[in-house]
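Peer 1: A single structure is presented below for examination.
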Amino acid sequence: MIGYLRGKVLSLLPESVLLDVNGVGYEVMCSGAAFANLSGVKKGEEGELYTYLQVSEQGIALYGFADLKEKELFLRLTSVQGVGAKLAIAALSTMRPADLTEAIYTADVKRLTAVKGLGKKTAERIVLELHGKISADEILGEAGEARPAAPVRSQADDDAVAALMNLGFTRQESTRAVERAKAAGAGTIEEIIGTALKGM
């Protein structure tokens, strides 16, 4: 398995990069973030990518990412039935990882279908299968915002945050409101949302 490459940038194409690693040229299909990072590297200078090697009936393909979090999101996407590597890399090229994660977390199917080749049914399947695997704390971290002192972690808490966000509150407002509701003794998701709304 090829998980990481560092070498001289030989060429940059719209969707891929050719890296010379010790005399061997690796052609890598890149995400938008990875391509943006390498676009600032001059030809002949060194660049790096975290990679995933896919072996299938169609052949062997190498996909590149800006960091390990982006690679992990790619692997989550490809774990969903009907989402292949090309569609997953297209999603990561159309949307920033933080935006894509937020769209899944908030069940924003319309936002996901903005990705070329990603239909409504597949978008709904992505939300259904991955929603519970993405936490509010993870979204806050990816968005580069300040992490709360006591991150929301349980499924009920995550669902409450998503519900508040659907009502128009920001991620930070929703997360803090849920934390306050929990601190006040709210236990069920109904109690958490009700108490949180009273304090908004």
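Each chain in the structure tokens gets a letter, A, B, ..., in the order shown, and its residues are numbered from 1; ligands are numbered from 1 in order too.
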With stretch 85-105 of chain A as the partner and 7 Å as the cut-off, tabulate the residues of stretch 109-131 of chain A that qualify, each row holding the nearest pair of atoms and their distance in Å to one decimal, using only C-alpha atoms, sorted by chain and rising number, as JSON lines.

Peer 2:
```
{"residue": "A:Arg111", "atom": "CA", "partner": "A:Ala103", "partner_atom": "CA", "distance": 6.5}
{"residue": "A:Leu112", "atom": "CA", "partner": "A:Ala103", "partner_atom": "CA", "distance": 6.6}
{"residue": "A:Val115", "atom": "CA", "partner": "A:Ala91", "partner_atom": "CA", "distance": 5.6}
{"residue": "A:Gly117", "atom": "CA", "partner": "A:Leu87", "partner_atom": "CA", "distance": 6.9}
{"residue": "A:Val127", "atom": "CA", "partner": "A:Ile104", "partner_atom": "CA", "distance": 5.2}
{"residue": "A:His131", "atom": "CA", "partner": "A:Tyr105", "partner_atom": "CA", "distance": 5.2}
```

Peer 1: Residues as selected, all heavy atoms, written as a short mmCIF file (atom, residue, chain, number, x, y, z; two decimals), in the first residue's frame, can you do that?

Peer 2:
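Below is the file that was written, part.cif:
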```cif
data_model
loop_
_atom_site.label_atom_id
_atom_site.label_comp_id
_atom_site.auth_asym_id
_atom_site.auth_seq_id
_atom_site.Cartn_x
_atom_site.Cartn_y
_atom_site.Cartn_z
N ARG A 111 -27.25 20.26 -0.89
CA ARG A 111 -25.87 20.75 -0.97
C ARG A 111 -24.95 19.67 -1.54
O ARG A 111 -24.05 19.96 -2.33
CB ARG A 111 -25.41 21.15 0.43
CG ARG A 111 -24.16 21.98 0.49
CD ARG A 111 -23.93 22.42 1.93
NE ARG A 111 -22.74 23.19 2.10
CZ ARG A 111 -22.27 23.57 3.28
NH1 ARG A 111 -22.94 23.24 4.38
NH2 ARG A 111 -21.17 24.27 3.39
N LEU A 112 -25.20 18.42 -1.16
CA LEU A 112 -24.37 17.32 -1.64
C LEU A 112 -24.56 17.07 -3.14
O LEU A 112 -23.61 16.71 -3.84
CB LEU A 112 -24.69 16.04 -0.86
CG LEU A 112 -24.25 16.00 0.60
CD1 LEU A 112 -24.80 14.76 1.28
CD2 LEU A 112 -22.73 16.03 0.71
N VAL A 115 -22.41 18.26 -6.25
CA VAL A 115 -21.26 17.53 -6.78
C VAL A 115 -21.66 16.85 -8.08
O VAL A 115 -22.68 16.13 -8.12
CB VAL A 115 -20.76 16.48 -5.77
CG1 VAL A 115 -19.61 15.67 -6.38
CG2 VAL A 115 -20.31 17.16 -4.48
N GLY A 117 -22.31 14.32 -10.77
CA GLY A 117 -22.40 12.87 -10.76
C GLY A 117 -23.01 12.30 -9.49
O GLY A 117 -23.24 11.09 -9.39
N VAL A 127 -25.77 10.37 3.61
CA VAL A 127 -26.25 10.95 4.87
C VAL A 127 -26.68 9.86 5.84
O VAL A 127 -26.33 9.87 7.01
CB VAL A 127 -27.41 11.93 4.60
CG1 VAL A 127 -28.09 12.32 5.92
CG2 VAL A 127 -26.91 13.18 3.89
N HIS A 131 -23.97 9.85 8.74
CA HIS A 131 -24.39 10.86 9.70
C HIS A 131 -23.94 10.53 11.12
O HIS A 131 -23.39 11.37 11.83
CB HIS A 131 -25.91 11.05 9.66
CG HIS A 131 -26.42 12.02 10.68
ND1 HIS A 131 -26.82 11.63 11.94
CD2 HIS A 131 -26.56 13.37 10.64
CE1 HIS A 131 -27.18 12.70 12.62
NE2 HIS A 131 -27.05 13.76 11.85
#
```

Peer 1: Which of chain A end up as helix (DSSP H, G or I) when DSSP is run on this backbone - answer as JSON, numbers by chain?

Peer 2: {"A": [32, 33, 34, 35, 36, 37, 38, 39, 68, 69, 70, 71, 72, 73, 74, 75, 76, 77, 78, 85, 86, 87, 88, 89, 90, 91, 92, 93, 94, 97, 98, 99, 100, 101, 102, 103, 104, 105, 109, 110, 111, 112, 120, 121, 122, 123, 124, 125, 126, 127, 128, 129, 130, 131, 132, 133, 136, 137, 138, 139, 140, 141, 142, 155, 156, 157, 158, 159, 160, 161, 162, 163, 164, 165, 166, 171, 172, 173, 174, 175, 176, 177, 178, 179, 180, 181, 182, 183, 189, 190, 191, 192, 193, 194, 195, 196, 197, 198, 199]}

Peer 1: List the neighbours of A:Ile193 out to 7 Å using only C-alpha atoms; skip same-chain residues closer than 4 positions along the sequence, and give me the result as a list in words.

Peer 2: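 Here the answer would be Ala160, Ile189 and Leu197 of chain A.
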
Peer 1: Could you tell me how far atom CA of A:Asp67 lies from atom CA of A:Asn22, in Å and to one decimal?

Peer 2: 21.9 Å

Peer 1: Could you jot down the atom CA of A:Gln81 to atom CA of A:Ala114 separation for me, Å, one decimal place?

Peer 2: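 Between these atoms lies a distance of 19.0 Å.
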
Peer 1: Would you list the contacts of A:Arg180 as a compact mmCIF listing (two decimals) with all heavy atoms, in the first residue's frame, taking every protein, DNA or RNA residue within 9 Å and counting only C-alpha atoms, but skipping same-chain residues closer than 6 positions in sequence?

Peer 2:
```txt
# COMPACT_ATOMS: atom_id res chain seq x y z
N ALA A 186 -30.79 18.32 31.48
CA ALA A 186 -31.57 17.73 30.38
C ALA A 186 -30.95 16.40 29.98
O ALA A 186 -29.73 16.29 29.85
CB ALA A 186 -31.60 18.68 29.19
N ILE A 192 -33.21 18.14 25.85
CA ILE A 192 -32.01 18.91 25.47
C ILE A 192 -32.39 20.04 24.51
O ILE A 192 -32.01 21.19 24.69
CB ILE A 192 -30.96 17.99 24.80
CG1 ILE A 192 -30.42 16.98 25.82
CG2 ILE A 192 -29.82 18.82 24.21
CD1 ILE A 192 -29.54 15.90 25.21
N THR A 195 -34.69 22.72 26.33
CA THR A 195 -33.90 23.56 27.24
C THR A 195 -32.94 24.46 26.48
O THR A 195 -32.76 25.63 26.84
CB THR A 195 -33.11 22.68 28.23
OG1 THR A 195 -34.01 21.80 28.91
CG2 THR A 195 -32.37 23.52 29.25
N ALA A 196 -32.35 23.92 25.42
CA ALA A 196 -31.40 24.70 24.61
C ALA A 196 -32.11 25.87 23.97
O ALA A 196 -31.58 27.00 23.94
CB ALA A 196 -30.76 23.81 23.55
N GLY A 199 -32.70 28.81 26.14
CA GLY A 199 -31.51 29.59 26.47
C GLY A 199 -30.89 30.32 25.29
O GLY A 199 -29.90 31.01 25.43
```

Peer 1: So which one's closest to A:Ala66, A:Gly32, A:Gly168, A:Gly82, A:Gly44? Using only C-alpha atoms, please.

Peer 2: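 The shortest atom-to-atom distance to A:Ala66 comes from A:Gly32.
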